[in-house]
$ cat target_11.txt   # compact mmCIF, C-alpha atoms
# COMPACT_ATOMS: atom_id res chain seq x y z
CA MET G 1 93.74 156.18 136.24
CA SER G 2 92.62 152.83 137.54
CA GLY G 3 90.11 151.34 135.15
CA ARG G 4 88.92 147.77 135.18
CA LEU G 5 88.39 145.37 132.36
CA THR G 6 86.44 142.24 133.16
CA ARG G 7 86.22 139.04 131.28
CA THR G 8 82.98 138.53 129.53
CA PHE G 9 82.73 134.96 130.70
CA ARG G 10 82.32 133.78 134.27
CA MET G 11 84.14 130.71 135.36
CA SER G 12 83.56 128.17 138.04
CA ALA G 13 86.22 127.61 140.64
CA THR G 14 87.36 124.51 142.44
CA LEU G 15 88.26 126.47 145.56
CA GLY G 16 86.42 129.24 147.38
CA ALA G 17 87.31 132.83 146.59
CA LEU G 18 86.43 136.30 147.77
CA LEU G 19 84.38 138.13 145.16
CA ILE G 20 85.47 141.41 143.66
CA ILE G 21 82.17 141.90 141.85
CA MET G 22 79.16 139.74 142.48
CA VAL G 23 77.04 138.76 139.53
CA GLY G 24 73.97 136.60 140.09
CA ALA G 25 74.67 132.95 140.57
CA GLY G 26 72.89 130.22 138.72
CA HIS G 27 71.73 126.92 140.13
CA PHE G 28 72.01 123.66 138.26
CA ALA G 29 70.28 120.52 139.47
CA PRO G 30 71.98 117.16 139.13
CA PRO G 31 70.89 115.33 136.00
CA ALA G 32 68.61 112.35 135.98
CA HIS G 33 71.10 110.53 133.78
CA ALA G 34 74.58 111.06 132.45
CA GLU G 35 75.09 112.68 129.07
CA SER G 36 78.23 113.29 127.07
CA ILE G 37 79.75 116.74 126.82
CA ARG G 38 79.00 116.85 123.09
CA ALA G 39 75.35 116.06 123.78
CA GLN G 40 75.14 119.21 125.91
CA GLN G 41 76.49 121.49 123.17
CA TRP G 42 73.02 122.50 122.01
CA TYR G 43 74.37 125.37 119.89
CA LEU G 44 76.17 122.95 117.58
CA ASP G 45 72.88 121.22 116.87
CA ALA G 46 71.03 124.53 116.47
CA TRP G 47 73.61 125.55 113.88
CA LYS G 48 73.45 122.09 112.22
CA ILE G 49 77.19 121.92 112.53
CA ASP G 50 77.51 118.51 110.88
CA ASP G 51 76.16 120.04 107.66
CA VAL G 52 78.52 122.99 108.03
CA TRP G 53 81.54 120.72 108.44
CA LYS G 54 80.76 119.06 105.11
CA THR G 55 81.93 122.33 103.56
CA THR G 56 84.80 123.27 105.87
CA ARG G 57 86.18 122.76 109.35
CA GLY G 58 88.31 125.92 109.28
CA ALA G 59 91.58 124.50 107.97
CA GLY G 60 94.27 127.05 107.20
CA VAL G 61 93.02 129.75 109.58
CA THR G 62 94.66 130.79 112.85
CA VAL G 63 92.73 132.58 115.61
CA ALA G 64 94.65 134.57 118.21
CA VAL G 65 93.14 134.28 121.69
CA VAL G 66 94.25 137.17 123.92
CA ASP G 67 93.28 135.84 127.32
CA SER G 68 94.52 133.92 130.34
CA GLY G 69 96.46 131.43 128.24
CA VAL G 70 95.42 128.00 126.99
CA ASP G 71 95.98 124.59 128.50
CA ALA G 72 97.45 122.88 125.46
CA THR G 73 97.44 119.53 127.28
CA HIS G 74 93.65 119.34 127.55
CA LEU G 75 92.63 116.27 125.60
CA ASP G 76 90.22 118.23 123.40
CA LEU G 77 92.94 120.78 122.53
CA VAL G 78 95.98 118.58 121.97
CA GLY G 79 97.61 119.70 118.72
CA GLN G 80 95.29 122.69 118.37
CA THR G 81 97.48 125.46 119.82
CA LEU G 82 100.49 127.07 118.21
CA PRO G 83 103.51 128.13 120.29
CA SER G 84 103.52 131.74 121.47
CA LEU G 85 103.24 133.15 124.99
CA ASN G 86 101.59 130.07 126.43
CA THR G 87 104.54 128.36 128.05
CA ALA G 88 103.01 128.57 131.53
CA GLY G 89 99.60 127.24 130.52
CA ASP G 90 96.32 128.79 131.60
CA GLN G 91 96.03 130.88 134.75
CA ASP G 92 92.34 130.46 135.46
CA GLY G 93 90.72 128.46 132.67
CA HIS G 94 89.02 131.26 130.78
CA GLY G 95 91.35 131.13 127.79
CA THR G 96 91.10 127.34 127.63
CA ALA G 97 87.32 127.58 127.53
CA MET G 98 87.42 130.13 124.72
CA ALA G 99 89.93 128.10 122.73
CA SER G 100 87.80 124.97 123.04
CA LEU G 101 84.76 126.81 121.68
CA ILE G 102 86.81 127.81 118.65
CA VAL G 103 88.97 124.76 117.82
CA GLY G 104 88.06 121.97 120.26
CA GLN G 105 88.16 118.52 118.68
CA GLY G 106 86.02 116.60 121.19
CA GLN G 107 88.62 113.89 121.61
CA ALA G 108 87.71 113.01 125.20
CA GLY G 109 85.11 110.41 126.03
CA GLY G 110 85.60 108.47 122.84
CA GLY G 111 85.02 111.49 120.65
CA GLN G 112 82.24 112.97 122.80
CA GLY G 113 84.20 115.79 124.44
CA ALA G 114 84.01 119.53 123.73
CA PHE G 115 83.91 120.48 120.06
CA GLY G 116 84.70 123.92 118.72
CA ILE G 117 83.00 125.55 115.74
CA ALA G 118 86.17 125.33 113.63
CA PRO G 119 88.07 122.19 114.73
CA GLY G 120 90.27 122.39 111.64
CA ALA G 121 91.60 125.83 112.60
CA LYS G 122 94.39 126.58 115.09
CA VAL G 123 94.61 128.86 118.13
CA LEU G 124 97.54 131.15 118.86
CA PRO G 125 97.33 132.10 122.56
CA PHE G 126 98.65 135.37 123.96
CA ARG G 127 98.69 135.18 127.73
CA THR G 128 98.29 138.46 129.55
CA ASN G 129 99.45 139.31 133.06
CA PRO G 130 97.17 138.55 136.03
CA ALA G 131 96.33 141.17 138.62
CA PRO G 132 96.84 140.36 142.32
CA VAL G 133 93.08 140.25 142.95
CA GLY G 134 92.25 138.70 139.61
CA GLY G 135 91.84 140.35 136.26
CA ILE G 136 93.92 141.78 133.43
CA ASP G 137 95.34 145.27 133.39
CA GLN G 138 94.82 147.50 130.38
CA PRO G 139 98.52 147.76 129.40
CA SER G 140 98.83 143.99 129.40
CA LEU G 141 95.73 143.56 127.26
CA ALA G 142 96.87 146.28 124.86
CA GLU G 143 100.25 144.57 124.53
CA GLY G 144 98.53 141.26 123.79
CA VAL G 145 96.47 142.86 121.02
CA ARG G 146 99.60 144.35 119.45
CA LEU G 147 101.44 141.03 119.59
CA ALA G 148 98.46 139.31 117.99
CA ALA G 149 98.38 142.01 115.31
CA ASP G 150 101.98 141.18 114.40
CA SER G 151 101.29 137.44 114.33
CA PRO G 152 100.09 135.23 111.44
CA ALA G 153 96.59 135.04 113.00
CA LYS G 154 93.76 136.44 110.90
CA VAL G 155 91.18 136.65 113.70
CA ILE G 156 91.79 138.12 117.17
CA ASN G 157 89.35 136.86 119.81
CA LEU G 158 88.81 139.32 122.69
CA SER G 159 86.44 137.80 125.24
CA VAL G 160 87.05 140.70 127.63
CA GLY G 161 85.41 144.04 128.20
CA SER G 162 85.19 147.15 130.36
CA ASN G 163 83.38 150.47 130.42
CA ILE G 164 86.76 152.16 130.83
CA ASN G 165 88.18 153.55 127.58
CA THR G 166 91.97 153.97 127.60
CA PRO G 167 94.23 155.38 124.86
CA ALA G 168 96.60 152.39 125.08
CA LEU G 169 93.88 149.86 124.28
CA LYS G 170 92.30 152.06 121.62
CA ASP G 171 95.68 152.54 119.92
CA ALA G 172 96.36 148.79 120.02
CA VAL G 173 92.98 148.07 118.42
CA THR G 174 93.60 150.68 115.74
CA TYR G 175 97.01 149.13 115.08
CA ALA G 176 95.53 145.64 114.72
CA LEU G 177 92.80 146.84 112.37
CA GLY G 178 95.46 148.56 110.29
CA LYS G 179 97.25 145.21 109.98
CA GLY G 180 94.14 143.69 108.42
CA LYS G 181 93.05 141.66 111.44
CA LEU G 182 89.44 140.79 112.25
CA LEU G 183 88.85 141.77 115.87
CA ILE G 184 85.87 140.09 117.54
CA ALA G 185 85.03 141.30 121.05
CA ALA G 186 82.40 140.61 123.70
CA SER G 187 79.63 143.18 123.98
CA GLY G 188 79.44 142.81 127.76
CA ASN G 189 77.41 141.28 130.56
CA THR G 190 75.49 142.67 133.46
CA PRO G 191 72.86 141.45 135.93
CA ASN G 192 69.24 141.84 134.83
CA ASN G 193 70.11 143.42 131.47
CA GLN G 194 70.06 146.90 133.01
CA ASP G 195 73.40 148.43 132.06
CA ASN G 196 73.91 149.90 128.59
CA THR G 197 77.23 151.69 129.18
CA PRO G 198 79.61 151.22 126.21
CA VAL G 199 82.01 148.32 126.60
CA TYR G 200 85.58 148.39 125.27
CA PRO G 201 87.18 147.08 123.11
CA ALA G 202 83.79 146.07 121.66
CA ALA G 203 82.65 149.67 121.17
CA TYR G 204 85.71 150.79 119.21
CA PRO G 205 85.03 151.52 115.52
CA GLY G 206 85.81 148.56 113.31
CA VAL G 207 85.49 145.88 116.01
CA LEU G 208 82.87 143.14 115.55
CA SER G 209 80.94 143.17 118.83
CA VAL G 210 78.95 140.08 119.84
CA SER G 211 76.13 139.75 122.37
CA ALA G 212 74.86 136.51 123.90
CA VAL G 213 71.53 134.80 123.22
CA ASN G 214 69.97 131.66 124.69
CA ARG G 215 68.70 128.51 123.00
CA ASP G 216 65.43 130.28 122.16
CA GLY G 217 67.23 133.07 120.35
CA GLU G 218 66.45 135.60 123.10
CA PRO G 219 69.04 137.76 124.91
CA ALA G 220 70.97 135.83 127.56
CA ASN G 221 70.03 136.49 131.16
CA ASN G 222 73.04 138.78 131.68
CA SER G 223 73.15 140.34 128.23
CA VAL G 224 74.09 143.98 127.74
CA ARG G 225 72.14 146.03 125.21
CA GLY G 226 73.85 148.82 123.32
CA SER G 227 74.35 150.48 119.95
CA TRP G 228 77.87 149.01 119.73
CA THR G 229 76.43 145.48 119.27
CA SER G 230 77.06 144.10 115.77
CA LEU G 231 75.81 140.53 116.00
CA ALA G 232 74.49 137.96 118.47
CA ALA G 233 75.48 134.32 119.00
CA PRO G 234 74.73 131.50 121.44
CA GLY G 235 76.03 132.41 124.88
CA GLN G 236 73.82 130.87 127.57
CA GLU G 237 74.43 127.43 129.10
CA ILE G 238 77.49 126.96 126.91
CA ALA G 239 79.54 123.81 127.50
CA SER G 240 83.30 124.02 127.10
CA ALA G 241 86.61 122.61 128.18
CA CYS G 242 88.24 124.25 131.20
CA VAL G 243 90.93 123.65 133.82
CA SER G 244 88.71 122.52 136.68
CA GLN G 245 89.20 119.08 138.22
CA THR G 246 86.48 117.77 135.94
CA HIS G 247 88.02 119.41 132.82
CA TYR G 248 84.61 120.71 131.67
CA CYS G 249 82.44 123.69 132.56
CA VAL G 250 79.20 125.30 131.54
CA GLY G 251 78.64 129.05 131.51
CA THR G 252 76.69 132.04 130.27
CA GLY G 253 77.82 135.30 128.70
CA SER G 254 79.13 137.21 125.72
CA SER G 255 82.62 135.72 126.09
CA SER G 256 81.27 132.42 124.79
CA ALA G 257 79.27 134.13 122.05
CA THR G 258 82.43 135.93 120.96
CA ALA G 259 84.50 132.75 120.77
CA LEU G 260 81.80 130.92 118.80
CA THR G 261 81.63 133.83 116.35
CA SER G 262 85.42 133.74 115.96
CA GLY G 263 85.01 130.10 115.00
CA VAL G 264 82.41 130.97 112.38
CA ALA G 265 84.71 133.67 110.97
CA ALA G 266 87.43 131.02 110.68
CA LEU G 267 85.06 128.80 108.69
CA VAL G 268 84.23 131.61 106.27
CA TRP G 269 87.87 132.61 105.84
CA SER G 270 88.83 128.99 105.24
CA VAL G 271 86.50 128.85 102.24
CA HIS G 272 87.47 132.32 101.02
CA PRO G 273 91.19 132.69 101.86
CA ASP G 274 91.59 135.63 99.49
CA TRP G 275 89.02 137.77 101.31
CA THR G 276 89.92 140.59 103.67
CA ALA G 277 88.65 140.96 107.22
CA ASN G 278 86.21 143.58 105.94
CA GLN G 279 84.66 141.08 103.54
CA VAL G 280 84.36 138.38 106.18
CA ILE G 281 82.58 140.87 108.42
CA ARG G 282 80.19 141.82 105.64
CA ARG G 283 79.35 138.18 104.95
CA LEU G 284 78.56 137.53 108.61
CA LEU G 285 76.36 140.62 108.80
CA ASP G 286 74.48 139.99 105.59
CA THR G 287 73.66 136.37 106.39
CA ALA G 288 72.66 136.77 110.04
CA ASN G 289 69.19 135.58 111.05
CA ARG G 290 67.17 138.73 111.66
CA PRO G 291 65.40 139.14 115.02
CA ASN G 292 61.68 139.77 115.31
CA GLU G 293 62.29 143.49 115.75
CA PRO G 294 63.63 146.35 113.64
CA ILE G 295 67.32 146.24 112.88
CA PRO G 296 69.80 147.39 113.90
CA SER G 297 68.88 146.26 117.41
CA ASP G 298 70.64 147.08 120.65
CA ALA G 299 70.20 143.46 121.75
CA PHE G 300 71.02 141.61 118.51
CA GLY G 301 72.83 144.10 116.29
CA TYR G 302 72.00 142.86 112.80
CA GLY G 303 70.96 139.39 113.88
CA ILE G 304 72.11 135.98 115.08
CA VAL G 305 75.18 134.54 113.37
CA SER G 306 74.37 131.75 110.90
CA PRO G 307 77.32 129.57 109.81
CA ARG G 308 75.28 127.68 107.18
CA LYS G 309 73.95 130.84 105.54
CA ALA G 310 77.37 132.49 105.67
CA LEU G 311 78.93 129.57 103.82
CA ALA G 312 76.06 129.07 101.38
CA ALA G 313 75.80 132.71 100.25
CA THR G 314 77.11 133.46 96.77
CA ASP G 315 76.71 137.23 96.56
CA THR G 316 79.73 139.51 96.59
CA PRO G 317 81.03 140.36 100.07
CA GLY G 318 81.57 144.07 99.43
CA PRO G 319 84.73 146.10 98.88
CA ALA G 320 87.92 144.68 100.32
CA ASP G 321 89.08 148.00 101.76
CA VAL G 322 85.89 149.19 103.51
CA ASN G 323 85.17 148.08 107.05
CA PRO G 324 81.35 147.88 107.29
CA LEU G 325 81.54 148.45 111.05
CA VAL G 326 82.66 152.05 110.67
CA GLY G 327 80.51 155.09 110.04
CA VAL G 328 76.94 154.04 110.85
CA ARG G 329 75.04 153.74 114.14
CA GLY G 330 77.76 154.34 116.65
CA ASP G 331 80.27 153.22 114.04
CA LYS G 332 78.34 150.01 113.44
CA PRO G 333 77.20 148.72 110.05
CA ALA G 334 74.29 148.92 107.70
CA PRO G 335 74.43 145.48 106.08
CA SER G 336 72.90 144.59 102.77
CA ALA G 337 69.16 144.15 103.20
CA PRO G 338 67.59 140.77 102.40
CA ALA G 339 65.24 140.75 99.43
CA GLY G 340 62.11 142.74 100.17
CA THR G 341 63.43 144.29 103.38
CA ALA G 342 65.56 147.19 104.45
CA PRO G 343 67.47 147.97 107.63
CA SER G 344 65.82 150.61 109.73
CA ALA G 345 67.41 154.03 109.48
CA PRO G 346 69.63 154.88 112.45
CA SER G 347 68.58 157.81 114.58
CA ALA G 348 70.85 160.79 115.03
CA ALA G 349 71.49 159.79 118.62
CA ALA G 350 72.22 156.19 117.72
CA SER G 351 74.65 157.13 114.97
CA ALA G 352 76.90 159.08 117.28
CA PRO G 353 80.00 156.93 117.98
CA PRO G 354 81.08 156.35 121.57
CA SER G 355 83.81 158.64 122.81
CA ALA G 356 87.22 157.44 121.71
CA THR G 357 89.18 159.72 123.98
CA ALA G 358 87.43 160.54 127.24
CA PRO G 359 86.84 157.67 129.71
CA PRO G 360 83.58 157.51 131.65
CA ALA G 361 83.27 159.68 134.72
CA ALA G 362 85.09 158.44 137.76
CA ALA G 363 81.78 157.69 139.46
CA THR G 364 80.94 155.11 136.82
CA ALA G 365 81.44 151.66 138.28
CA PRO G 366 83.48 149.15 136.29
CA LYS G 367 81.23 146.85 134.36
CA SER G 368 81.22 143.19 135.22
CA ASP G 369 81.67 141.66 131.85
CA ASP G 370 82.12 138.29 133.38
CA ASP G 371 80.03 136.31 131.22
CA SER G 372 79.51 132.83 131.95
CA LEU G 373 78.75 130.85 134.94
CA LEU G 374 81.35 128.20 134.35
CA VAL G 375 80.25 125.22 136.30
CA PRO G 376 82.79 122.40 136.57
CA ILE G 377 81.37 118.98 135.85
CA LEU G 378 82.27 116.16 138.19
CA VAL G 379 82.71 112.77 136.59
CA GLY G 380 82.07 110.74 139.74
CA THR G 381 78.93 110.03 141.77
CA ILE G 382 79.29 113.05 144.01
CA ALA G 383 76.10 115.04 144.50
CA ALA G 384 75.99 118.81 144.24
CA ALA G 385 79.00 120.39 145.96
CA ALA G 386 80.02 123.88 146.93
CA LEU G 387 78.96 126.94 144.98
CA VAL G 388 81.65 129.58 144.73
CA ALA G 389 80.96 132.96 143.26
CA GLY G 390 83.73 135.17 142.03
CA ALA G 391 84.05 138.12 139.76
CA ALA G 392 87.20 138.79 137.85
CA VAL G 393 88.29 142.13 136.57
CA ILE G 394 91.02 143.75 134.55
CA THR G 395 92.75 146.70 136.22
CA THR G 396 95.08 149.34 134.78
CA ARG G 397 97.77 148.24 137.15
CA ARG G 398 100.31 145.74 135.91
CA ARG G 399 98.16 142.66 135.86
CA ARG G 400 95.45 141.02 133.90
CA ALA G 401 91.77 140.51 134.28
CA ARG G 402 89.95 137.38 135.13
CA GLU G 403 86.28 137.01 135.22
CA SER G 404 83.94 136.64 138.06
CA ALA G 405 83.15 133.13 139.05
CA HIS G 406 80.25 131.12 140.31
CA ARG G 407 81.33 127.57 140.69
CA GLN G 408 79.21 124.62 141.40
CA ALA G 409 80.06 120.96 141.21
CA VAL G 410 77.26 118.74 140.05
CA ALA G 411 76.63 115.04 139.77
CA PRO G 412 77.83 113.09 136.74
CA PRO G 413 78.46 114.62 134.40
CA TRP G 414 76.14 117.60 134.36
CA PRO G 415 72.56 118.85 134.26
CA THR G 416 70.16 117.89 131.55
CA PRO G 417 69.10 121.15 129.85
CA PRO G 418 65.44 122.01 129.27
CA PRO G 419 64.14 121.50 125.75
CA PRO G 420 64.20 124.59 123.52
CA THR G 421 61.07 126.65 123.16
CA TYR G 422 60.82 127.43 119.47
CA HIS G 423 59.50 130.67 118.11
CA PRO G 424 56.54 130.67 115.72
CA GLY G 425 57.82 129.60 112.34
CA GLY G 426 60.63 127.43 113.66
CA SER G 427 63.95 127.80 115.40
CA PRO G 428 65.58 131.26 115.39
CA TYR G 429 68.76 129.47 114.35
CA ASP G 430 67.16 127.92 111.27
CA GLN G 431 65.56 130.80 109.39
CA ARG G 432 65.47 130.39 105.64
$ encode --input "target_11.txt" --output "structure tokens"
Amino acid sequence: MSGRLTRTFRMSATLGALLIIMVGAGHFAPPAHAESIRAQQWYLDAWKIDDVWKTTRGAGVTVAVVDSGVDATHLDLVGQTLPSLNTAGDQDGHGTAMASLIVGQGQAGGGQGAFGIAPGAKVLPFRTNPAPVGGIDQPSLAEGVRLAADSPAKVINLSVGSNINTPALKDAVTYALGKGKLLIAASGNTPNNQDNTPVYPAAYPGVLSVSAVNRDGEPANNSVRGSWTSLAAPGQEIASACVSQTHYCVGTGSSSATALTSGVAALVWSVHPDWTANQVIRRLLDTANRPNEPIPSDAFGYGIVSPRKALAATDTPGPADVNPLVGVRGDKPAPSAPAGTAPSAPSAAASAPPSATAPPAAATAPKSDDDSLLVPILVGTIAAAALVAGAAVITTRRRRARESAHRQAVAPPWPTPPPPTYHPGGSPYDQR
């Protein structure tokens, strides 16, 4: 069977490419003035990352990134990757972007480059095989998950997804969970928020599935809604390192949200090294900022990840041997309720887990989980250049998935973002 897995992050390209799947392109106007890369990382400010780093920067934790590889020579990632299957570098830049969101040290531009959430942690890259037309095949992805499961990494970042459910990938995920790993996967992306078909590996029981939200705390413009969603995190207009000529890109999608959440998990595990993956999951769920709607929510799961609240909490994280993502609402959790509140009861339909054996009908089109529009940033005085759209997919042949791409070069160094529109009562990222 030929199923496709797509990356949940869309990347910009320096050269034109024929699209496999087209996902709406974004347009970015040249900025009125130049700003540093760090200044464009709005999510770090929303999360008050400087306060977080007073407690921990993630030292002692390794995050496996099963992806296209990582460019270990990127200035913001020098010294941040551990040797594994990354000898050939990054095939298309997706893995480099994800790694920078997790462990980037912002060393470029006099310390104003791309910072990750956990710059004290390390990344262990597992590079999968590319498909001829772009993408990652299921066997290659499954092998990467198994290799990561046997590695010293505590967290496995999976910024990929597909609506095709295969036994090989399911078995690899089960194997990794049995080894005590925390698997964090992208919930998916689709144009106009219209597709709610389960996405794998995110929908497998025990996997922490992350959706993307924008700077206002609302679902990203290509967010997928579904009962498999566990949490939400920033995923729209996300700045990161990449392998374009400019070395930096900006994009939208659940791939970015997944990587940022992996970074937060590394922070929590750094402070609590004796915890299990189950306890780290519980802490993230219990301290998430709740949306202005009943939880669990198909768009937000149990809320938006909050690094500060996760690190400040002092309550017990639950039993070490119970994965809170199994058994409720499509095998998703019922976290501890904040004082004076209670999670809404799951409906009978919502609590039915997605099929773990039968793939979707053949007529079901592969989901484009390509998440972000990665837009390379030019550092010269060139005005807006060519826009290239491309969608990358993972096939069950012998090669690996890459995500769809919309690339646009912009004037130095990239567009000034609009100011955030805060919800009544303050920022959704700063709930008390």
$ atom_distance --input "target_11.txt" --atom1 "CA of Tyr248 (chain G)" --atom2 "CA of Ala148 (chain G)"
26.9 Å
$ closest_residue --input "target_11.txt" --among "G:Pro291, G:Leu285, G:Ala233, G:Ser211" --to "Lys309 (chain G)" --atoms "all atoms listed in the file"
G:Leu285
$ closest_residue --input "target_11.txt" --among "G:Gly263, G:Pro167, G:Pro317, G:Gly188" --to "Gly226 (chain G)" --atoms "all atoms listed in the file"
G:Gly188
$ closest_residue --input "target_11.txt" --among "G:Thr56, G:Ser254, G:Thr62, G:Asn214" --to "Ile156 (chain G)" --atoms "only C-alpha atoms"
G:Thr62
$ residues_around --input "target_11.txt" --residues "Asn289 (chain G)" --least-positions-apart "4" --cutoff "7 Å" --atoms "only C-alpha atoms" --output "number ranges by chain"
G: 303-306, 429, 431
$ closest_residue --input "target_11.txt" --among "G:Asn165, G:Asn222, G:Ala241, G:Asp51" --to "Ala72 (chain G)" --atoms "all atoms listed in the file"
G:Ala241
$ closest_residue --input "target_11.txt" --among "G:Pro125, G:Gly251, G:Pro296, G:Pro273" --to "Ala212 (chain G)" --atoms "only C-alpha atoms"
G:Gly251
$ closest_residue --input "target_11.txt" --among "G:Gly95, G:Trp269, G:His74, G:Gly116" --to "Gln245 (chain G)" --atoms "all atoms listed in the file"
G:His74
$ atom_distance --input "target_11.txt" --atom1 "CA of Ala266 (chain G)" --atom2 "CA of Ile164 (chain G)"
29.2 Å
$ atom_distance --input "target_11.txt" --atom1 "CA of Val70 (chain G)" --atom2 "CA of Asp171 (chain G)"
25.5 Å
$ residues_around --input "target_11.txt" --residues "Ala118 (chain G)" --least-positions-apart "2" --cutoff "12 Å" --atoms "only C-alpha atoms" --output "NGL selection string"
:G and (44 or 49-50 or 52-63 or 80 or 99-106 or 114-116 or 120-123 or 259-271 or 307)
$ residues_around --input "target_11.txt" --residues "region 138-143 of chain G" --least-positions-apart "5" --cutoff "6 Å" --atoms "all atoms listed in the file" --output "list in words"
Thr128, Asn129, Leu169, Ala172 and Thr396 of chain G
